[in-house]
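A.B. asks: I'm passing along data.cif; it holds mmCIF, C-alpha atoms.
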```cif
data_input
#
loop_
_atom_site.group_PDB
_atom_site.id
_atom_site.type_symbol
_atom_site.label_atom_id
_atom_site.label_comp_id
_atom_site.auth_asym_id
_atom_site.auth_seq_id
_atom_site.Cartn_x
_atom_site.Cartn_y
_atom_site.Cartn_z
ATOM 1 C CA MET A 1 76.869 95.683 136.586
ATOM 2 C CA LYS A 2 74.230 98.395 136.909
ATOM 3 C CA VAL A 3 70.596 97.316 137.083
ATOM 4 C CA ASN A 4 68.304 99.110 134.634
ATOM 5 C CA LEU A 5 65.220 98.262 132.584
ATOM 6 C CA ALA A 6 67.294 96.892 129.711
ATOM 7 C CA ARG A 7 69.127 94.458 132.004
ATOM 8 C CA ILE A 8 65.945 93.466 133.787
ATOM 9 C CA ARG A 9 64.282 92.716 130.455
ATOM 10 C CA GLN A 10 67.318 90.805 129.183
ATOM 11 C CA GLU A 11 67.682 88.592 132.250
ATOM 12 C CA ALA A 12 63.915 88.094 132.468
ATOM 13 C CA GLY A 13 63.980 86.932 128.856
ATOM 14 C CA PHE A 14 66.737 84.412 129.581
ATOM 15 C CA LEU A 15 64.803 83.074 132.579
ATOM 16 C CA ALA A 16 61.478 82.924 130.745
ATOM 17 C CA ASN A 17 63.033 81.080 127.812
ATOM 18 C CA ARG A 18 64.672 78.541 130.128
ATOM 19 C CA ARG A 19 61.893 77.994 132.679
ATOM 20 C CA GLY A 20 58.752 79.202 130.927
ATOM 21 C CA LEU A 21 56.944 82.486 131.428
ATOM 22 C CA ASP A 22 54.884 81.102 134.316
ATOM 23 C CA GLY A 23 58.111 80.194 136.099
ATOM 24 C CA LEU A 24 59.346 83.790 136.069
ATOM 25 C CA SER A 25 59.429 85.409 139.519
ATOM 26 C CA MET A 26 60.735 88.618 141.036
ATOM 27 C CA SER A 27 62.897 86.688 143.503
ATOM 28 C CA ASP A 28 64.590 84.621 140.785
ATOM 29 C CA LEU A 29 65.099 87.736 138.697
ATOM 30 C CA ALA A 30 66.647 89.563 141.643
ATOM 31 C CA GLN A 31 68.964 86.609 142.250
ATOM 32 C CA VAL A 32 70.369 86.571 138.694
ATOM 33 C CA LEU A 33 70.739 90.369 138.798
ATOM 34 C CA ASN A 34 72.549 90.019 142.138
ATOM 35 C CA VAL A 35 70.277 92.463 143.964
ATOM 36 C CA ARG A 36 67.731 92.172 146.750
ATOM 37 C CA THR A 37 64.167 91.664 145.559
ATOM 38 C CA PRO A 38 62.878 94.988 147.009
ATOM 39 C CA SER A 39 65.499 96.816 144.915
ATOM 40 C CA LEU A 40 63.761 95.670 141.725
ATOM 41 C CA TYR A 41 60.638 97.598 142.667
ATOM 42 C CA SER A 42 62.447 100.877 142.100
ATOM 43 C CA HIS A 43 62.552 99.906 138.401
ATOM 44 C CA VAL A 44 59.351 97.876 137.826
ATOM 45 C CA ALA A 45 55.999 97.705 139.570
ATOM 46 C CA GLY A 46 56.025 93.911 139.783
ATOM 47 C CA ILE A 47 56.102 90.727 137.714
ATOM 48 C CA GLY A 48 53.268 91.995 135.509
ATOM 49 C CA ASP A 49 55.407 94.972 134.554
ATOM 50 C CA VAL A 50 58.325 92.650 133.751
ATOM 51 C CA LYS A 51 56.096 90.517 131.520
ATOM 52 C CA ARG A 52 54.931 93.678 129.755
ATOM 53 C CA LEU A 53 58.575 94.566 129.037
ATOM 54 C CA LEU A 54 59.050 91.082 127.591
ATOM 55 C CA ALA A 55 55.898 91.420 125.484
ATOM 56 C CA LEU A 56 57.051 94.724 123.968
ATOM 57 C CA HIS A 57 60.521 93.343 123.297
ATOM 58 C CA GLY A 58 59.166 90.080 121.885
ATOM 59 C CA LEU A 59 56.736 91.830 119.542
ATOM 60 C CA ALA A 60 59.487 94.104 118.236
ATOM 61 C CA GLU A 61 61.901 91.193 117.757
ATOM 62 C CA LEU A 62 59.299 89.009 116.044
ATOM 63 C CA ASP A 63 58.371 91.911 113.775
ATOM 64 C CA SER A 64 62.037 92.484 112.892
ATOM 65 C CA THR A 65 62.595 88.754 112.298
ATOM 66 C CA VAL A 66 59.676 88.259 109.912
ATOM 67 C CA SER A 67 60.370 91.584 108.162
ATOM 68 C CA ARG A 68 63.920 90.476 107.358
ATOM 69 C CA ALA A 69 62.674 87.083 106.175
ATOM 70 C CA THR A 70 60.137 88.573 103.755
ATOM 71 C CA ILE A 71 62.249 91.376 102.228
ATOM 72 C CA GLY A 72 62.121 91.145 98.442
ATOM 73 C CA ARG A 73 59.475 88.412 98.484
ATOM 74 C CA SER A 74 55.803 88.460 97.571
ATOM 75 C CA GLY A 75 52.851 86.094 97.307
ATOM 76 C CA PRO A 76 53.451 82.497 98.422
ATOM 77 C CA GLY A 77 57.191 83.128 98.836
ATOM 78 C CA ALA A 78 56.555 85.926 101.333
ATOM 79 C CA VAL A 79 53.981 83.975 103.343
ATOM 80 C CA ARG A 80 56.140 80.851 103.367
ATOM 81 C CA ALA A 81 59.185 82.838 104.571
ATOM 82 C CA LEU A 82 57.122 84.586 107.236
ATOM 83 C CA LEU A 83 55.664 81.367 108.639
ATOM 84 C CA ASN A 84 59.053 79.667 108.811
ATOM 85 C CA ALA A 85 60.716 82.693 110.411
ATOM 86 C CA TYR A 86 57.834 82.978 112.891
ATOM 87 C CA ARG A 87 58.205 79.323 113.890
ATOM 88 C CA GLU A 88 61.983 79.644 114.258
ATOM 89 C CA PHE A 89 61.595 82.723 116.461
ATOM 90 C CA VAL A 90 59.146 80.943 118.768
ATOM 91 C CA GLU A 91 61.374 77.878 119.010
ATOM 92 C CA LYS A 92 64.339 80.043 120.052
ATOM 93 C CA ASN A 93 62.359 82.341 122.368
ATOM 94 C CA PRO A 94 59.498 80.320 123.886
ATOM 95 C CA GLY A 95 59.183 82.326 127.092
ATOM 96 C CA VAL A 96 59.474 85.722 125.437
ATOM 97 C CA TYR A 97 56.965 84.651 122.790
ATOM 98 C CA ALA A 98 54.526 83.534 125.490
ATOM 99 C CA ALA A 99 54.599 87.092 126.850
ATOM 100 C CA THR A 100 53.453 88.440 123.465
ATOM 101 C CA VAL A 101 50.339 86.248 123.238
ATOM 102 C CA PRO A 102 47.941 87.909 125.730
ATOM 103 C CA THR A 103 45.758 90.732 124.441
ATOM 104 C CA PRO A 104 47.115 94.027 125.819
ATOM 105 C CA PRO A 105 44.910 96.150 128.086
ATOM 106 C CA ARG A 106 42.925 98.737 126.117
ATOM 107 C CA SER A 107 44.607 101.514 128.052
ATOM 108 C CA ASP A 108 48.120 100.388 127.028
ATOM 109 C CA ARG A 109 48.651 102.198 123.735
ATOM 110 C CA GLU A 110 52.318 101.255 123.448
ATOM 111 C CA TRP A 111 51.591 97.547 123.709
ATOM 112 C CA SER A 112 48.567 97.782 121.403
ATOM 113 C CA GLY A 113 50.665 99.774 118.930
ATOM 114 C CA ALA A 114 53.335 97.064 118.912
ATOM 115 C CA VAL A 115 50.696 94.415 118.141
ATOM 116 C CA ASP A 116 49.244 96.575 115.371
ATOM 117 C CA HIS A 117 52.697 97.091 113.868
ATOM 118 C CA LEU A 118 53.311 93.342 113.778
ATOM 119 C CA MET A 119 49.893 92.764 112.200
ATOM 120 C CA GLY A 120 50.832 95.349 109.563
ATOM 121 C CA THR A 121 53.935 93.326 108.720
ATOM 122 C CA PHE A 122 51.860 90.159 108.456
ATOM 123 C CA LEU A 123 49.377 91.972 106.202
ATOM 124 C CA ALA A 124 52.176 93.129 103.922
ATOM 125 C CA SER A 125 53.082 89.495 103.248
ATOM 126 C CA LEU A 126 49.458 88.814 102.240
ATOM 127 C CA GLN A 127 49.150 91.853 99.994
ATOM 128 C CA GLU A 128 49.355 89.991 96.692
ATOM 129 C CA TYR A 129 46.230 87.999 97.576
ATOM 130 C CA ASP A 130 44.137 91.197 97.502
ATOM 131 C CA LEU A 131 41.954 90.097 100.409
ATOM 132 C CA ARG A 132 39.151 92.405 101.560
ATOM 133 C CA GLY A 133 37.156 92.978 104.750
ATOM 134 C CA PRO A 134 36.637 89.878 106.929
ATOM 135 C CA GLU A 135 38.853 87.836 104.574
ATOM 136 C CA VAL A 136 41.864 89.737 105.905
ATOM 137 C CA VAL A 137 40.970 88.839 109.486
ATOM 138 C CA HIS A 138 40.416 85.189 108.545
ATOM 139 C CA ALA A 139 43.833 85.037 106.845
ATOM 140 C CA LEU A 140 45.626 86.683 109.773
ATOM 141 C CA ARG A 141 43.955 84.368 112.266
ATOM 142 C CA GLY A 142 44.812 81.365 110.127
ATOM 143 C CA LEU A 143 48.428 82.427 109.803
ATOM 144 C CA ARG A 144 48.911 82.982 113.521
ATOM 145 C CA SER A 145 46.939 79.874 114.525
ATOM 146 C CA LEU A 146 48.983 77.665 112.224
ATOM 147 C CA VAL A 147 52.289 78.644 113.826
ATOM 148 C CA HIS A 148 51.065 79.023 117.394
ATOM 149 C CA GLY A 149 49.240 75.710 117.385
ATOM 150 C CA PHE A 150 52.096 73.797 115.829
ATOM 151 C CA VAL A 151 54.849 75.159 118.098
ATOM 152 C CA SER A 152 52.648 74.741 121.181
ATOM 153 C CA LEU A 153 52.179 71.053 120.406
ATOM 154 C CA GLU A 154 55.818 70.695 119.420
ATOM 155 C CA SER A 155 57.193 72.314 122.591
ATOM 156 C CA SER A 156 54.876 70.277 124.830
ATOM 157 C CA GLY A 157 56.244 67.034 123.376
ATOM 158 C CA ALA A 158 52.871 66.075 121.899
ATOM 159 C CA LEU A 159 54.256 65.468 118.382
ATOM 160 C CA LYS A 160 55.959 62.154 119.157
ATOM 161 C CA HIS A 161 55.430 60.299 115.902
ATOM 162 C CA PRO A 162 58.744 59.639 114.093
ATOM 163 C CA VAL A 163 57.554 61.447 110.941
ATOM 164 C CA ASN A 164 59.762 64.523 110.534
ATOM 165 C CA ARG A 165 58.165 67.587 112.168
ATOM 166 C CA ASP A 166 59.738 69.985 109.677
ATOM 167 C CA GLU A 167 58.022 68.066 106.892
ATOM 168 C CA SER A 168 54.715 68.253 108.771
ATOM 169 C CA PHE A 169 55.096 72.000 109.194
ATOM 170 C CA ALA A 170 55.938 72.412 105.501
ATOM 171 C CA TRP A 171 52.824 70.376 104.637
ATOM 172 C CA LEU A 172 50.700 72.705 106.787
ATOM 173 C CA VAL A 173 52.264 75.797 105.226
ATOM 174 C CA GLU A 174 51.603 74.554 101.701
ATOM 175 C CA SER A 175 48.016 73.644 102.645
ATOM 176 C CA PHE A 176 47.500 77.147 104.044
ATOM 177 C CA LEU A 177 48.949 78.686 100.875
ATOM 178 C CA ALA A 178 46.670 76.564 98.698
ATOM 179 C CA ALA A 179 43.665 77.675 100.749
ATOM 180 C CA LEU A 180 44.754 81.317 100.441
ATOM 181 C CA GLU A 181 45.030 80.981 96.660
ATOM 182 C CA LYS A 182 41.576 79.388 96.462
ATOM 183 C CA MET A 183 39.928 81.999 98.695
ATOM 184 C CA ALA A 184 41.592 84.866 96.833
ATOM 185 C CA ALA A 185 40.401 83.470 93.485
ATOM 186 C CA GLN A 186 36.833 83.088 94.778
ATOM 187 C CA SER A 187 36.913 86.605 96.168
ATOM 188 C CA ARG A 188 38.128 88.062 92.873
ATOM 189 C CA LYS A 189 35.412 86.177 90.992
ATOM 190 C CA LYS A 190 32.700 87.528 93.313
ATOM 191 C CA ARG A 191 33.952 91.083 92.921
ATOM 192 C CA GLU A 192 34.103 90.739 89.123
ATOM 193 C CA THR A 193 30.594 89.262 89.009
ATOM 194 C CA GLY A 194 29.300 92.036 91.265
ATOM 195 C CA ALA A 195 30.925 94.688 89.092
ATOM 196 C CA ARG A 196 29.144 93.353 85.972
ATOM 197 C CA THR A 197 25.663 93.297 87.524
#
```
Can you give me the file's structure in the form of C-alpha cells?
C.D. replies:
Amino acid sequence: MKVNLARIRQEAGFLANRRGLDGLSMSDLAQVLNVRTPSLYSHVAGIGDVKRLLALHGLAELDSTVSRATIGRSGPGAVRALLNAYREFVEKNPGVYAATVPTPPRSDREWSGAVDHLMGTFLASLQEYDLRGPEVVHALRGLRSLVHGFVSLESSGALKHPVNRDESFAWLVESFLAALEKMAAQSRKKRETGART
C-alpha cells in the first residue's frame, strides 16, 4: 500500500493511541508502514511533523464529535452533551488527543486556526449563558479543565475507588452547570444594575 501523509497520520494515530504519544517514534512508524525509516523523511520532516499532523486531525475530529453531540441542543443540555462527547473522544483516542493539547507555535496559522475553530464550537454551546469578556475565558478554561483533568486521572489509574467513575463525572458536570448558571445570573444582575445607574 502506498505511503502518503494520510496513511502516515492514520498509522501514527493507531500507534499513539496504543502506546501513548511519547512512545511514538519514526522507526516504529516506518515498521508498521513497511518502509525504511529514511523513506519517511520524504513525506515528513520528523516526529514533530507527525505529531503536528495528529494534532490537526485530532482537533478536527474532536470538533466534529462535539458538534454532532450538541446539534439541536442549547443551555445545560448543550454543555452536558459536549462534555460527555469530549470525554468519550479522549477515552477512545488518548494518544491523538495528547497531540492536540500543546499550544501551537505562533507561526503555525493552520494549527492555531484549528484550535480557534474548536473554541468557537465550545463557545456556541455556552451561548445561552450570555457570558461577556473574561467570563467567557473562565468558562472555556473550566470546561476544558474539567474533562482534561478527569480523563488524565482516569487513564493513569488514579481513580481506584469503587464508586462509579461515570457517576463522578456526571456529578462534576452538574456542578459545573450549576456554577455556570450562578455566574450567568450574577453577570446579568450586574449589567442590569449598571444600566439603571
A.B. asks: Smallest atom-to-atom distance to Asp108 of chain A: which of A:Gln127, A:Arg52, A:Val32, A:His138, using only C-alpha atoms?
C.D. replies: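 Residue with the minimum atom-to-atom distance to Asp108 of chain A: A:Arg52.
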A.B. asks: Record the distance separating atom CA of Ala78 of chain A and atom CA of Leu177 of chain A, expressed in Å with one decimal.
C.D. replies: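 One can read the atom CA of Ala78 of chain A to atom CA of Leu177 of chain A distance as 10.5 Å.
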A.B. asks: Taking all atoms listed in the file into account, which of A:Leu82, A:Val136, A:Leu159, A:Leu53 comes nearest Met183 of chain A?
C.D. replies: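 Once distances to Met183 of chain A are computed over all atoms listed in the file, the minimum belongs to A:Val136.
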A.B. asks: Pick out the closest residue to Leu40 of chain A from this set: A:Val3, A:Leu118, A:Leu153, A:Leu180. Count all atoms listed in the file.
C.D. replies: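 Using all atoms listed in the file, the shortest distance to Leu40 of chain A belongs to A:Val3.
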A.B. asks: Using only C-alpha atoms, which residue out of A:Ala170, A:Val90, A:Thr100, A:Ser187 lies closest to Pro134 of chain A?
C.D. replies: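 Going through A:Ala170, A:Val90, A:Thr100, A:Ser187 one by one, the smallest distance to Pro134 of chain A is for A:Ser187.
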A.B. asks: Could the centre and edge lengths of an axis-aligned box, enclosing all atoms of segment 156-175 of chain A in the file with 3 Å extra on each side, be given in Å to one decimal as AutoDock Vina command-line options?
C.D. replies:
```
--center_x 53.9 --center_y 67.7 --center_z 113.3 --size_x 17.7 --size_y 22.2 --size_z 29.1
```
A.B. asks: Select, from A:Pro104, A:Gly113, A:Gly120, A:Gly58, the residue with the minimum atom-to-atom distance to Tyr86 of chain A, counting all atoms listed in the file.
C.D. replies: A:Gly58
A.B. asks: Give the answer as one residue: which of A:Leu83, A:Gly142, A:His148, A:Pro94 has the shortest atom-to-atom distance to Ser125 of chain A, using only C-alpha atoms?
C.D. replies: A:Leu83
A.B. asks: Provide the atom CA of Val79 of chain A to atom CA of Val151 of chain A distance in Å, to one decimal place.
C.D. replies: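 So the answer is 17.2 Å.
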A.B. asks: Rounded to one decimal in Å, what is the spacing between atom CA of Arg18 of chain A and atom CA of Gly95 of chain A?
C.D. replies: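 Between atom CA of Arg18 of chain A and atom CA of Gly95 of chain A the gap is 7.3 Å.
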A.B. asks: Report as a PDB file with C-alpha atoms, keeping the file's coordinate frame the full result of the PyMOL selection byres ((chain A and resi 19) around 12) when it is applied to this structure.
C.D. replies:
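Saved result, selection.pdb, follows:
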```pdb
ATOM      1  CA  ALA A  12      63.915  88.094 132.468  1.00  0.00           C
ATOM      2  CA  GLY A  13      63.980  86.932 128.856  1.00  0.00           C
ATOM      3  CA  PHE A  14      66.737  84.412 129.581  1.00  0.00           C
ATOM      4  CA  LEU A  15      64.803  83.074 132.579  1.00  0.00           C
ATOM      5  CA  ALA A  16      61.478  82.924 130.745  1.00  0.00           C
ATOM      6  CA  ASN A  17      63.033  81.080 127.812  1.00  0.00           C
ATOM      7  CA  ARG A  18      64.672  78.541 130.128  1.00  0.00           C
ATOM      8  CA  GLY A  20      58.752  79.202 130.927  1.00  0.00           C
ATOM      9  CA  LEU A  21      56.944  82.486 131.428  1.00  0.00           C
ATOM     10  CA  ASP A  22      54.884  81.102 134.316  1.00  0.00           C
ATOM     11  CA  GLY A  23      58.111  80.194 136.099  1.00  0.00           C
ATOM     12  CA  LEU A  24      59.346  83.790 136.069  1.00  0.00           C
ATOM     13  CA  SER A  25      59.429  85.409 139.519  1.00  0.00           C
ATOM     14  CA  ASP A  28      64.590  84.621 140.785  1.00  0.00           C
ATOM     15  CA  LEU A  29      65.099  87.736 138.697  1.00  0.00           C
ATOM     16  CA  ASN A  93      62.359  82.341 122.368  1.00  0.00           C
ATOM     17  CA  PRO A  94      59.498  80.320 123.886  1.00  0.00           C
ATOM     18  CA  GLY A  95      59.183  82.326 127.092  1.00  0.00           C
ATOM     19  CA  VAL A  96      59.474  85.722 125.437  1.00  0.00           C
ATOM     20  CA  ALA A  98      54.526  83.534 125.490  1.00  0.00           C
TER      21      ALA A  98
END
```
A.B. asks: Output segment 136-158 of chain A with N, CA, C and O atoms present, as a short mmCIF file (atom, residue, chain, number, x, y, z; two decimals), keeping the file's coordinate frame.
C.D. replies:
```cif
data_model
loop_
_atom_site.label_atom_id
_atom_site.label_comp_id
_atom_site.auth_asym_id
_atom_site.auth_seq_id
_atom_site.Cartn_x
_atom_site.Cartn_y
_atom_site.Cartn_z
N VAL A 136 40.56 89.37 105.35
CA VAL A 136 41.86 89.74 105.90
C VAL A 136 42.01 89.18 107.31
O VAL A 136 43.04 88.61 107.68
N VAL A 137 40.95 89.34 108.11
CA VAL A 137 40.97 88.84 109.49
C VAL A 137 41.09 87.32 109.50
O VAL A 137 41.87 86.75 110.27
N HIS A 138 40.34 86.65 108.62
CA HIS A 138 40.42 85.19 108.54
C HIS A 138 41.85 84.74 108.23
O HIS A 138 42.37 83.80 108.83
N ALA A 139 42.48 85.42 107.26
CA ALA A 139 43.83 85.04 106.84
C ALA A 139 44.84 85.27 107.97
O ALA A 139 45.70 84.43 108.23
N LEU A 140 44.71 86.40 108.67
CA LEU A 140 45.63 86.68 109.77
C LEU A 140 45.45 85.67 110.90
O LEU A 140 46.43 85.18 111.47
N ARG A 141 44.22 85.37 111.22
CA ARG A 141 43.96 84.37 112.27
C ARG A 141 44.50 83.00 111.87
O ARG A 141 45.07 82.28 112.70
N GLY A 142 44.31 82.65 110.60
CA GLY A 142 44.81 81.36 110.13
C GLY A 142 46.32 81.29 110.20
O GLY A 142 46.89 80.29 110.66
N LEU A 143 46.97 82.37 109.79
CA LEU A 143 48.43 82.43 109.80
C LEU A 143 48.97 82.25 111.22
O LEU A 143 49.84 81.42 111.48
N ARG A 144 48.43 83.04 112.13
CA ARG A 144 48.91 82.98 113.52
C ARG A 144 48.57 81.64 114.19
O ARG A 144 49.38 81.08 114.92
N SER A 145 47.37 81.14 113.91
CA SER A 145 46.94 79.87 114.52
C SER A 145 47.80 78.71 114.05
O SER A 145 48.13 77.81 114.84
N LEU A 146 48.16 78.73 112.78
CA LEU A 146 48.98 77.67 112.22
C LEU A 146 50.30 77.55 113.00
O LEU A 146 50.66 76.48 113.47
N VAL A 147 50.99 78.68 113.14
CA VAL A 147 52.29 78.64 113.83
C VAL A 147 52.12 78.39 115.31
O VAL A 147 52.79 77.53 115.90
N HIS A 148 51.22 79.14 115.94
CA HIS A 148 51.06 79.02 117.39
C HIS A 148 50.65 77.61 117.79
O HIS A 148 51.20 77.03 118.73
N GLY A 149 49.69 77.06 117.06
CA GLY A 149 49.24 75.71 117.38
C GLY A 149 50.33 74.67 117.21
O GLY A 149 50.54 73.81 118.06
N PHE A 150 51.07 74.79 116.11
CA PHE A 150 52.10 73.80 115.83
C PHE A 150 53.22 73.86 116.87
O PHE A 150 53.62 72.84 117.42
N VAL A 151 53.72 75.07 117.15
CA VAL A 151 54.85 75.16 118.10
C VAL A 151 54.41 74.84 119.51
O VAL A 151 55.21 74.33 120.31
N SER A 152 53.14 75.10 119.85
CA SER A 152 52.65 74.74 121.18
C SER A 152 52.65 73.23 121.35
O SER A 152 53.09 72.70 122.39
N LEU A 153 52.17 72.52 120.35
CA LEU A 153 52.18 71.05 120.41
C LEU A 153 53.61 70.51 120.39
O LEU A 153 53.95 69.59 121.13
N GLU A 154 54.43 71.12 119.56
CA GLU A 154 55.82 70.69 119.42
C GLU A 154 56.58 70.86 120.73
O GLU A 154 57.28 69.95 121.19
N SER A 155 56.44 72.03 121.36
CA SER A 155 57.19 72.31 122.59
C SER A 155 56.69 71.49 123.77
O SER A 155 57.44 71.23 124.72
N SER A 156 55.42 71.07 123.73
CA SER A 156 54.88 70.28 124.83
C SER A 156 55.25 68.80 124.72
O SER A 156 54.98 68.01 125.61
N GLY A 157 55.86 68.42 123.58
CA GLY A 157 56.24 67.03 123.38
C GLY A 157 55.12 66.17 122.83
O GLY A 157 55.22 64.95 122.81
N ALA A 158 54.04 66.83 122.37
CA ALA A 158 52.87 66.08 121.90
C ALA A 158 53.10 65.44 120.52
O ALA A 158 52.43 64.47 120.18
#
```
